[in-house]
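Colleague: Here you go, model.cif (mmCIF, C-alpha atoms and all ligand atoms):
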```cif
data_final
loop_
_atom_site.label_atom_id
_atom_site.label_comp_id
_atom_site.auth_asym_id
_atom_site.auth_seq_id
_atom_site.Cartn_x
_atom_site.Cartn_y
_atom_site.Cartn_z
CA MET A 1 7.19 24.75 -9.15
CA ASP A 2 9.39 25.60 -6.10
CA GLU A 3 6.49 27.40 -4.44
CA PHE A 4 4.32 24.39 -5.20
CA PHE A 5 6.72 22.02 -3.43
CA THR A 6 7.00 24.37 -0.45
CA ARG A 7 3.20 24.45 -0.07
CA ILE A 8 2.71 20.74 -0.75
CA ASN A 9 5.44 19.80 1.73
CA GLN A 10 3.77 21.93 4.37
CA TYR A 11 0.48 20.13 3.75
CA ARG A 12 2.23 16.77 3.82
CA GLU A 13 3.98 17.54 7.11
CA GLN A 14 0.70 18.61 8.66
CA ILE A 15 -1.00 15.44 7.42
CA ASN A 16 1.86 13.20 8.59
CA HIS A 17 1.93 14.87 11.99
CA LYS A 18 -1.82 14.28 12.48
CA LEU A 19 -1.66 10.73 11.14
CA ALA A 20 1.19 9.74 13.43
CA ALA A 21 -1.30 10.44 16.23
CA VAL A 22 -4.25 8.79 14.48
CA SER A 23 -5.38 7.49 17.85
CA ASN A 24 -4.04 8.42 21.28
CA LYS A 25 -4.53 4.85 22.46
CA THR A 26 -1.75 2.26 22.67
CA THR A 27 -3.56 -0.80 24.00
CA PRO A 28 -4.45 -3.44 22.96
CA GLU A 29 -0.95 -3.29 21.54
CA SER A 30 -1.64 -6.05 18.98
CA PHE A 31 -4.07 -3.61 17.34
CA TYR A 32 -2.53 -0.18 17.94
CA ALA A 33 1.13 -1.06 17.22
CA PRO A 34 0.38 -2.11 13.61
CA VAL A 35 -2.12 0.77 13.20
CA HIS A 36 0.63 3.27 14.10
CA TYR A 37 3.14 1.34 11.95
CA VAL A 38 0.90 1.75 8.89
CA MET A 39 -0.02 5.35 9.47
CA SER A 40 3.56 6.51 10.02
CA ALA A 41 5.04 4.69 7.00
CA GLY A 42 4.97 7.75 4.74
CA GLY A 43 3.43 7.46 1.32
CA LYS A 44 2.87 10.24 -1.14
CA ARG A 45 -0.34 11.50 0.53
CA ILE A 46 -1.86 12.30 -2.86
CA ARG A 47 -5.47 11.76 -1.80
CA PRO A 48 -5.56 14.03 1.28
CA ILE A 49 -3.69 16.74 -0.69
CA LEU A 50 -6.39 16.39 -3.37
CA VAL A 51 -9.07 17.00 -0.73
CA LEU A 52 -7.34 20.14 0.56
CA LEU A 53 -6.60 21.58 -2.89
CA SER A 54 -10.08 20.79 -4.24
CA CYS A 55 -11.55 22.63 -1.27
CA GLU A 56 -9.32 25.64 -1.91
CA ALA A 57 -9.84 25.58 -5.68
CA VAL A 58 -13.53 26.41 -5.20
CA GLY A 59 -12.96 29.14 -2.63
CA GLY A 60 -12.83 27.21 0.66
CA ARG A 61 -10.02 27.18 3.23
CA ALA A 62 -7.91 23.99 3.29
CA GLU A 63 -8.26 23.88 7.08
CA GLN A 64 -12.03 23.24 6.77
CA SER A 65 -11.38 19.99 4.91
CA LEU A 66 -8.46 18.71 7.00
CA ASN A 67 -10.42 16.06 8.91
CA ALA A 68 -11.98 14.78 5.69
CA ALA A 69 -8.52 14.70 4.11
CA LEU A 70 -7.21 12.60 7.00
CA ALA A 71 -10.26 10.33 6.71
CA ILE A 72 -9.54 9.66 3.02
CA GLU A 73 -5.89 8.84 3.70
CA ILE A 74 -6.79 6.51 6.59
CA LEU A 75 -9.31 4.79 4.33
CA HIS A 76 -6.67 4.47 1.59
CA ASN A 77 -4.34 2.83 4.11
CA PHE A 78 -7.04 0.31 5.01
CA THR A 79 -7.30 -0.63 1.33
CA LEU A 80 -3.52 -1.05 1.09
CA VAL A 81 -3.31 -3.36 4.13
CA HIS A 82 -6.05 -5.62 2.77
CA ASP A 83 -4.79 -5.32 -0.83
CA ASP A 84 -1.41 -6.66 0.28
CA ILE A 85 -3.06 -9.75 1.75
CA MET A 86 -5.10 -10.21 -1.44
CA ASP A 87 -2.02 -9.76 -3.67
CA HIS A 88 0.33 -11.83 -1.43
CA ASP A 89 2.80 -8.95 -1.23
CA ASP A 90 5.56 -8.69 1.35
CA MET A 91 6.77 -5.10 0.73
CA ARG A 92 5.03 -1.71 0.81
CA ARG A 93 6.58 1.76 1.08
CA GLY A 94 9.97 0.07 1.42
CA ARG A 95 8.93 -1.88 4.52
CA GLN A 96 7.38 -5.22 5.37
CA THR A 97 3.62 -5.40 4.86
CA VAL A 98 1.49 -5.79 7.98
CA HIS A 99 0.59 -9.43 7.34
CA GLU A 100 4.31 -10.22 6.89
CA LYS A 101 5.52 -8.32 9.94
CA TRP A 102 2.64 -9.58 12.09
CA ASP A 103 0.17 -12.06 10.56
CA GLU A 104 -2.96 -12.14 8.41
CA ALA A 105 -5.38 -11.99 11.32
CA THR A 106 -3.67 -8.82 12.53
CA ALA A 107 -3.76 -7.27 9.05
CA ILE A 108 -7.47 -8.03 8.62
CA LEU A 109 -8.23 -6.48 11.98
CA VAL A 110 -6.06 -3.42 11.37
CA GLY A 111 -7.89 -2.84 8.08
CA ASP A 112 -11.26 -3.07 9.82
CA GLY A 113 -10.09 -0.68 12.53
CA LEU A 114 -8.83 1.83 9.99
CA VAL A 115 -12.29 2.01 8.39
CA GLY A 116 -13.72 2.91 11.80
CA LEU A 117 -10.99 5.46 12.43
CA ALA A 118 -11.54 6.95 8.95
CA TYR A 119 -15.23 7.53 9.75
CA SER A 120 -14.38 9.01 13.14
CA TYR A 121 -12.29 11.69 11.35
CA LEU A 122 -14.80 12.23 8.56
CA LEU A 123 -17.56 12.88 11.11
CA LYS A 124 -15.55 15.70 12.70
CA THR A 125 -16.16 17.68 9.51
CA ASN A 126 -18.13 20.82 10.19
CA SER A 127 -20.47 21.07 7.21
CA ALA A 128 -24.21 21.38 6.68
CA GLN A 129 -23.74 18.75 3.96
CA ILE A 130 -22.24 16.10 6.22
CA LYS A 131 -24.84 13.54 5.15
CA ASP A 132 -23.95 14.01 1.47
CA ILE A 133 -20.28 13.76 2.38
CA CYS A 134 -20.84 10.49 4.27
CA ASP A 135 -22.91 9.11 1.38
CA ILE A 136 -20.14 9.83 -1.13
CA PHE A 137 -17.49 8.36 1.19
CA THR A 138 -19.58 5.22 1.74
CA SER A 139 -20.40 4.60 -1.89
CA GLY A 140 -16.72 5.17 -2.66
CA ILE A 141 -15.81 2.29 -0.33
CA ILE A 142 -18.40 -0.01 -1.91
CA GLU A 143 -17.27 0.80 -5.44
CA LEU A 144 -13.63 0.29 -4.48
CA CYS A 145 -14.49 -3.17 -3.15
CA GLU A 146 -16.25 -3.95 -6.44
CA GLY A 147 -13.10 -2.89 -8.28
CA GLN A 148 -10.93 -5.09 -6.06
CA ALA A 149 -13.33 -7.99 -6.71
CA LEU A 150 -12.96 -7.52 -10.49
CA ASP A 151 -9.18 -7.30 -10.09
CA LYS A 152 -9.20 -10.71 -8.35
CA GLU A 153 -11.72 -12.28 -10.76
CA PHE A 154 -9.62 -11.19 -13.74
CA GLU A 155 -6.56 -13.11 -12.46
CA ASN A 156 -8.09 -16.31 -13.84
CA ARG A 157 -9.47 -14.83 -17.06
CA PHE A 158 -7.99 -14.15 -20.48
CA ASP A 159 -10.96 -12.34 -22.02
CA ILE A 160 -10.20 -8.96 -20.45
CA ASP A 161 -10.26 -6.23 -23.05
CA LEU A 162 -9.36 -2.59 -22.56
CA SER A 163 -12.89 -1.54 -21.65
CA ARG A 164 -13.19 -4.19 -18.90
CA TYR A 165 -9.75 -3.17 -17.65
CA MET A 166 -10.80 0.52 -17.56
CA GLU A 167 -13.97 -0.34 -15.64
CA MET A 168 -11.90 -2.28 -13.10
CA ILE A 169 -9.29 0.46 -12.50
CA GLU A 170 -11.82 3.24 -12.32
CA LYS A 171 -13.48 1.34 -9.49
CA LYS A 172 -10.44 0.10 -7.61
CA THR A 173 -8.30 3.24 -7.91
CA ALA A 174 -9.82 6.32 -9.54
CA ILE A 175 -12.89 6.22 -7.29
CA LEU A 176 -10.92 7.19 -4.19
CA LEU A 177 -9.34 10.17 -5.94
CA MET A 178 -12.79 11.16 -7.24
CA THR A 179 -14.20 10.83 -3.72
CA ALA A 180 -11.35 12.98 -2.38
CA SER A 181 -12.01 15.76 -4.89
CA GLU A 182 -15.76 15.66 -4.52
CA ILE A 183 -15.69 15.85 -0.73
CA GLY A 184 -13.10 18.65 -0.82
CA ALA A 185 -15.26 20.51 -3.34
CA ILE A 186 -18.42 20.17 -1.23
CA ILE A 187 -16.67 21.41 1.91
CA GLY A 188 -15.23 24.34 -0.06
CA GLY A 189 -18.71 25.36 -1.20
CA ALA A 190 -18.46 24.33 -4.86
CA ASP A 191 -21.38 24.83 -7.20
CA SER A 192 -22.56 21.75 -9.11
CA ASN A 193 -20.47 22.60 -12.16
CA GLN A 194 -17.22 23.01 -10.21
CA ARG A 195 -17.97 19.80 -8.37
CA ARG A 196 -18.45 17.94 -11.67
CA ILE A 197 -15.21 19.37 -13.07
CA LEU A 198 -13.18 18.26 -10.06
CA VAL A 199 -14.66 14.75 -10.11
CA GLU A 200 -13.89 14.42 -13.83
CA PHE A 201 -10.38 15.78 -13.22
CA SER A 202 -9.80 13.04 -10.65
CA ARG A 203 -11.32 10.35 -12.86
CA GLN A 204 -8.79 11.16 -15.58
CA LEU A 205 -5.96 11.47 -13.06
CA GLY A 206 -6.95 8.30 -11.20
CA ASN A 207 -7.11 6.14 -14.31
CA ALA A 208 -3.75 7.45 -15.56
CA PHE A 209 -2.38 6.92 -12.05
CA GLN A 210 -3.30 3.21 -12.08
CA ILE A 211 -1.82 2.60 -15.55
CA GLN A 212 1.33 4.27 -14.25
CA ASP A 213 1.14 2.03 -11.17
CA ASP A 214 1.06 -0.98 -13.53
CA LEU A 215 4.31 0.33 -15.04
CA ILE A 216 5.82 0.91 -11.58
CA ASP A 217 5.26 -2.80 -10.77
CA ILE A 218 8.35 -3.51 -12.89
CA GLU A 219 10.49 -0.68 -11.44
CA LEU A 220 12.96 -1.44 -8.65
CA THR A 221 12.24 1.97 -7.10
CA SER A 222 8.64 1.16 -6.19
CA GLY A 223 9.19 0.16 -2.54
CA LYS A 224 6.74 -2.66 -3.35
CA THR A 225 7.26 -6.30 -4.36
CA TYR A 226 8.98 -6.35 -7.78
CA GLY A 227 6.93 -7.99 -10.57
CA SER A 228 4.06 -8.77 -8.21
CA ASP A 229 1.40 -8.20 -10.89
CA ILE A 230 3.06 -10.75 -13.19
CA LYS A 231 3.47 -13.36 -10.44
CA GLN A 232 -0.16 -12.82 -9.49
CA LYS A 233 -1.39 -12.97 -13.14
CA LYS A 234 -2.98 -9.56 -12.89
CA LYS A 235 -4.71 -8.25 -15.97
CA THR A 236 -2.82 -4.99 -16.00
CA TYR A 237 -2.73 -2.46 -18.82
CA LEU A 238 0.55 -4.04 -19.86
CA PHE A 239 -0.84 -7.56 -20.09
CA VAL A 240 -4.05 -6.52 -21.85
CA HIS A 241 -2.18 -4.43 -24.40
CA ALA A 242 0.51 -7.05 -25.05
CA LEU A 243 -2.04 -9.83 -25.48
CA ASN A 244 -3.78 -7.79 -28.18
CA ASN A 245 -0.73 -6.37 -29.91
CA ALA A 246 2.18 -8.80 -29.63
CA SER A 247 3.11 -11.18 -32.47
CA ALA A 248 1.42 -14.60 -32.51
CA ALA A 249 4.55 -16.25 -31.07
CA MET A 250 4.84 -13.75 -28.21
CA ARG A 251 1.14 -14.03 -27.54
CA ASP A 252 1.40 -17.84 -27.28
CA SER A 253 4.35 -17.50 -24.95
CA LEU A 254 2.41 -15.05 -22.75
CA ILE A 255 -0.61 -17.34 -22.58
CA HIS A 256 1.59 -20.34 -21.80
CA ILE A 257 3.32 -18.52 -18.92
CA TYR A 258 0.07 -17.18 -17.47
CA HIS A 259 -1.43 -20.70 -17.53
CA GLN A 260 1.32 -22.10 -15.30
CA ASN A 261 0.63 -22.60 -11.63
CA THR A 262 3.57 -20.46 -10.59
CA ILE A 263 5.45 -17.80 -12.49
CA THR A 264 9.22 -17.84 -11.91
CA THR A 265 11.82 -15.06 -12.07
CA ASP A 266 12.89 -16.37 -15.49
CA ASP A 267 9.29 -16.15 -16.70
CA ILE A 268 9.10 -12.55 -15.48
CA ALA A 269 12.13 -11.72 -17.64
CA ILE A 270 10.40 -13.26 -20.70
CA VAL A 271 7.18 -11.35 -19.99
CA LEU A 272 9.11 -8.07 -19.65
CA ASP A 273 10.81 -8.73 -22.96
CA ILE A 274 7.41 -9.22 -24.58
CA PHE A 275 6.08 -6.01 -23.01
CA GLU A 276 9.08 -4.19 -24.45
CA LYS A 277 9.08 -5.75 -27.95
CA SER A 278 5.34 -5.46 -28.47
CA GLY A 279 5.50 -1.69 -27.95
CA THR A 280 3.40 -2.08 -24.81
CA LEU A 281 5.64 -0.06 -22.51
CA THR A 282 5.80 2.83 -24.97
CA GLU A 283 2.04 2.76 -25.45
CA ALA A 284 1.36 2.60 -21.70
CA ARG A 285 3.53 5.68 -21.14
CA ARG A 286 1.72 7.48 -23.96
CA VAL A 287 -1.70 6.65 -22.45
CA VAL A 288 -0.61 7.89 -19.01
CA ASP A 289 0.58 11.11 -20.60
CA ALA A 290 -2.68 11.53 -22.50
CA GLY A 291 -4.74 10.93 -19.32
CA ILE A 292 -2.76 13.53 -17.41
CA LYS A 293 -3.29 16.00 -20.26
CA GLN A 294 -7.04 15.36 -20.16
CA ALA A 295 -7.03 15.93 -16.40
CA HIS A 296 -5.20 19.20 -17.02
CA ALA A 297 -7.74 20.31 -19.63
CA GLU A 298 -10.54 19.61 -17.15
CA LEU A 299 -8.79 21.62 -14.46
CA MET A 300 -8.49 24.64 -16.72
CA LYS A 301 -12.30 24.93 -16.66
CA LEU A 302 -12.02 26.14 -13.05
CA PRO A 303 -11.34 29.78 -12.18
CA THR A 304 -7.67 30.78 -11.89
CA THR A 305 -6.48 30.33 -8.30
CA THR A 306 -3.27 29.30 -6.53
CA ALA A 307 -4.92 25.95 -5.72
CA ARG A 308 -5.69 25.35 -9.40
CA SER A 309 -2.08 26.03 -10.24
CA ASP A 310 -1.01 23.65 -7.43
CA LEU A 311 -3.29 20.95 -8.83
CA ALA A 312 -1.70 21.45 -12.27
CA ASP A 313 1.79 21.20 -10.74
CA MET A 314 0.63 18.09 -8.90
CA LEU A 315 -0.11 16.47 -12.27
CA ASP A 316 3.47 17.11 -13.40
CA TRP A 317 4.81 15.77 -10.15
CA ILE A 318 2.70 12.60 -10.43
CA LEU A 319 3.77 12.10 -14.03
CA LYS A 320 7.41 12.01 -12.91
CA ARG A 321 6.90 9.73 -9.92
CA LYS A 322 9.07 6.65 -9.42
CA SER A 323 7.08 5.07 -6.58
C1 LIG B 401 -1.08 2.69 -4.21
O1 LIG B 401 -1.40 4.03 -4.04
C2 LIG B 401 -2.31 1.92 -4.57
C3 LIG B 401 -2.90 2.31 -5.84
C4 LIG B 401 -4.11 2.70 -5.95
C5 LIG B 401 -2.13 2.22 -7.06
P1 LIG B 401 -0.28 5.14 -3.87
O2 LIG B 401 0.73 5.02 -4.98
O3 LIG B 401 -0.93 6.46 -3.72
O4 LIG B 401 0.43 4.69 -2.52
P2 LIG B 401 1.12 5.56 -1.36
O5 LIG B 401 0.04 5.97 -0.42
O6 LIG B 401 1.82 6.74 -1.98
O7 LIG B 401 2.08 4.59 -0.71
C1 LIG B 402 -4.46 -0.78 -6.17
O1 LIG B 402 -4.12 -1.87 -6.90
C2 LIG B 402 -5.87 -0.80 -5.69
C3 LIG B 402 -6.07 -0.68 -4.24
C4 LIG B 402 -5.14 -0.75 -3.35
C5 LIG B 402 -7.41 -0.49 -3.80
P1 LIG B 402 -2.68 -2.54 -6.77
O2 LIG B 402 -2.79 -3.85 -6.13
O3 LIG B 402 -2.03 -2.46 -8.11
O4 LIG B 402 -1.88 -1.53 -5.78
P2 LIG B 402 -0.39 -1.76 -5.32
O5 LIG B 402 0.46 -1.84 -6.57
O6 LIG B 402 -0.36 -3.04 -4.54
O7 LIG B 402 -0.07 -0.55 -4.51
MG MG B 403 -1.46 -4.68 -4.70
MG MG B 404 -4.26 -5.25 -5.83
MG MG B 405 -0.01 -2.06 -8.46
#
```
Output the structure of this file as structure tokens.
Ligand code: IPE
Ligand code: IPE
Ligand code: MG
Ligand code: MG
Ligand code: MG
Modeller:
Amino acid sequence: MDEFFTRINQYREQINHKLAAVSNKTTPESFYAPVHYVMSAGGKRIRPILVLLSCEAVGGRAEQSLNAALAIEILHNFTLVHDDIMDHDDMRRGRQTVHEKWDEATAILVGDGLVGLAYSYLLKTNSAQIKDICDIFTSGIIELCEGQALDKEFENRFDIDLSRYMEMIEKKTAILLMTASEIGAIIGGADSNQRRILVEFSRQLGNAFQIQDDLIDIELTSGKTYGSDIKQKKKTYLFVHALNNASAAMRDSLIHIYHQNTITTDDIAIVLDIFEKSGTLTEARRVVDAGIKQAHAELMKLPTTTARSDLADMLDWILKRKS
């Protein structure tokens, strides 16, 4: 595991160094200052590391996929900036969100600009399959937007069962991890079977990752707005499970709270109590664990390499994350 962290930290430093200089321009300042603010805010860098390791796991050199890795992370940052407007959140990565620090117009523009910058990096990729790579990247963006649309639509609905929830999170979250793995695999020269394995690995990981993110919403360590999903009436794994498994009284209480115009801090405490007493938190943790195990089983179908072992260690690291 020590060797894993040494290698991963080297990748992360390289990524952070490149992202801090995402563009060499500084004017117009109202655009470039927030762009640099977002790109130098840290973050776990899971998606670009997935690109690099997927490339290596099929016999490529990480270096070949570096521009694509940067492209995926820049794209991810675009989704975060716009997601924070959509979710009315004021904190991200322990700092003010862009629309809070500047304003909504700035945050919309920065998001747009980041999509352009993401493509400019992606197109630096030296691969005979660049068209395929661009197609996968583009359909990933479209699917992610569909997922974000479902996430918003579900705020006002109570008929969201587990299968609708899974469809929503696969689109809003897992898709970008799947895109990362698939592009890394293509650049590394994967055959169709290896490519399929890595996409499936990231589907399992991505879905578990979002359920874990739903749990992190009620952790003070997140660096994000505490209890945002509850305030925003999100149909998270926790809500969907509690609604189907809590006692009739708790269920009524949940429905009553989620029908109010605004949800107060006191309401959040009641909701958390319901999540706890209905066994929802325990079940959510079990499902995350099971998803990570499935991702691991998928990974083991690849040939033994250092990158495969790093991807396995990455699963353990993600499972223990607090932000
Ligand atoms: C946050 O992603 C958005 C989700 C899809 C849950 P991350 O948890 O990867 O955020 P950073 O990049 O590390 O801040
Ligand atoms: C993540 O959903 C999906 C995207 C950012 C595309 P969330 O809204 O749960 O992500 P966080 O919790 O704000 O990071
Ligand atoms: Mg959000
Ligand atoms: Mg959101
Ligand atoms: Mg969240």
Colleague: Enumerate residues in contact with ligand LIG 401 (chain B): an atom-to-atom distance of at most 7 Å, counting all atoms listed in the file. Format the result as a ChimeraX atom specification.
Modeller: /A:42-46,80,93,173,209-210,213,323
Colleague: Compare A:Lys172, A:Asp83, A:Asp132, A:Lys224 by their minimum atom-to-atom distance to Gln96 in chain A, counting all atoms listed in the file, and give me the closest one.
Modeller: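 For Gln96 in chain A, the nearest of the candidates is A:Lys224.
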Colleague: Please indicate the distance in Å from CA of Ile136 in chain A to CA of Glu200 in chain A, rounded to one decimal place.
Modeller: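 A separation of 14.9 Å between them.
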Colleague: List the spatial neighbours of Lys293 in chain A as a PyMOL selection string - criterion: any atom at most 9 Å away, all atoms listed in the file, same-chain residues fewer than 5 positions off excluded.
Modeller: chain A and resi 204-205+288+298+315
Colleague: Could you check which of A:Ala118, A:Val199, A:Ala180, A:Ala208 is closest to Met166 in chain A, using only C-alpha atoms?
Modeller: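 Ranking A:Ala118, A:Val199, A:Ala180, A:Ala208 by distance to Met166 in chain A, first place goes to A:Ala208.
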Colleague: List as a ChimeraX atom specification the residues having at least one atom at most 8 Å from position (-16.8, 27.6, -8.2) as given in the file, counting all atoms listed in the file.
Modeller: /A:57-59,189-191,193-195,302-303
Colleague: Residues as selected, C-alpha atoms, written as a compact mmCIF listing (two decimals), in the frame of the given file, can you do that?
Modeller:
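Result file result20.txt:
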```
# COMPACT_ATOMS: atom_id res chain seq x y z
CA ALA A 57 -9.84 25.58 -5.68
CA VAL A 58 -13.53 26.41 -5.20
CA GLY A 59 -12.96 29.14 -2.63
CA GLY A 189 -18.71 25.36 -1.20
CA ALA A 190 -18.46 24.33 -4.86
CA ASP A 191 -21.38 24.83 -7.20
CA ASN A 193 -20.47 22.60 -12.16
CA GLN A 194 -17.22 23.01 -10.21
CA ARG A 195 -17.97 19.80 -8.37
CA LEU A 302 -12.02 26.14 -13.05
CA PRO A 303 -11.34 29.78 -12.18
```
Colleague: Taking 2 positions as the minimum chain separation for residues in the same chain, which residues sit within 10 Å of Ile230 in chain A when counting only C-alpha atoms? Answer as a PyMOL selection string.
Modeller: chain A and resi 155+214+217-218+226-228+232-236+238-239+257-258+263-265+267-268+271-272
Colleague: Give as a list in words the residues surrounding ligand MG 403 (chain B) up to a distance of 7 Å, considering all atoms listed in the file.
Modeller: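 Selection of residues at most 7 Å from ligand MG 403 (chain B): Asp83, Asp84, Asp87 and Asp89 of chain A.
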Colleague: Kindly indicate which residue among A:Ala33, A:Ile211, A:Ala307, A:Leu117 lies nearest to Leu50 in chain A, using only C-alpha atoms for the distances.
Modeller: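 Nearest candidate to Leu50 in chain A out of A:Ala33, A:Ile211, A:Ala307, A:Leu117: A:Ala307.
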Colleague: Nearest to ligand MG 404 (chain B): which of A:Val81, A:Ala249, A:Leu177, A:Ile141 is it, counting all atoms listed in the file?
Modeller: A:Val81
Colleague: Can you tell me how far CA of Arg12 in chain A sits from CA of Ser54 in chain A, in Å to one decimal?
Modeller: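 The value is 15.3 Å.
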Colleague: In Å, with one decimal, what is the gap from CA of Glu104 in chain A to CA of Phe31 in chain A?
Modeller: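 Separation between CA of Glu104 in chain A and CA of Phe31 in chain A: 12.4 Å.
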Colleague: Find the residues near Gly60 in chain A: any atom within 12 Å, counting all atoms listed in the file, skip ones fewer than 2 places away on the same chain, and give them as a ChimeraX atom specification.
Modeller: /A:51-58,62-66,127,183-191,305,307
Colleague: Taking all atoms listed in the file into account, which of A:Ser40, A:Gln148, A:Asn67, A:Asn126 comes nearest ligand MG 404 (chain B)?
Modeller: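 Closest candidate: A:Gln148.
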Colleague: Find the spatial neighbours of Gly116 in chain A, counting all atoms listed in the file, within a cut-off of 12 Å - ignore same-chain residues fewer than 3 positions away - and output them as a PyMOL selection string.
Modeller: chain A and resi 22-23+35+71-72+74-75+78+109-113+119-123+138
Colleague: With 8 Å of padding per side, what axis-aligned box (centre and edge lengths, Å, one decimal) covers all the listed atoms of ligand LIG 402 (chain B)? Give it as JSON.
Modeller:
```
{"center_x": -3.5, "center_y": -2.2, "center_z": -5.7, "size_x": 23.9, "size_y": 19.4, "size_z": 20.8}
```
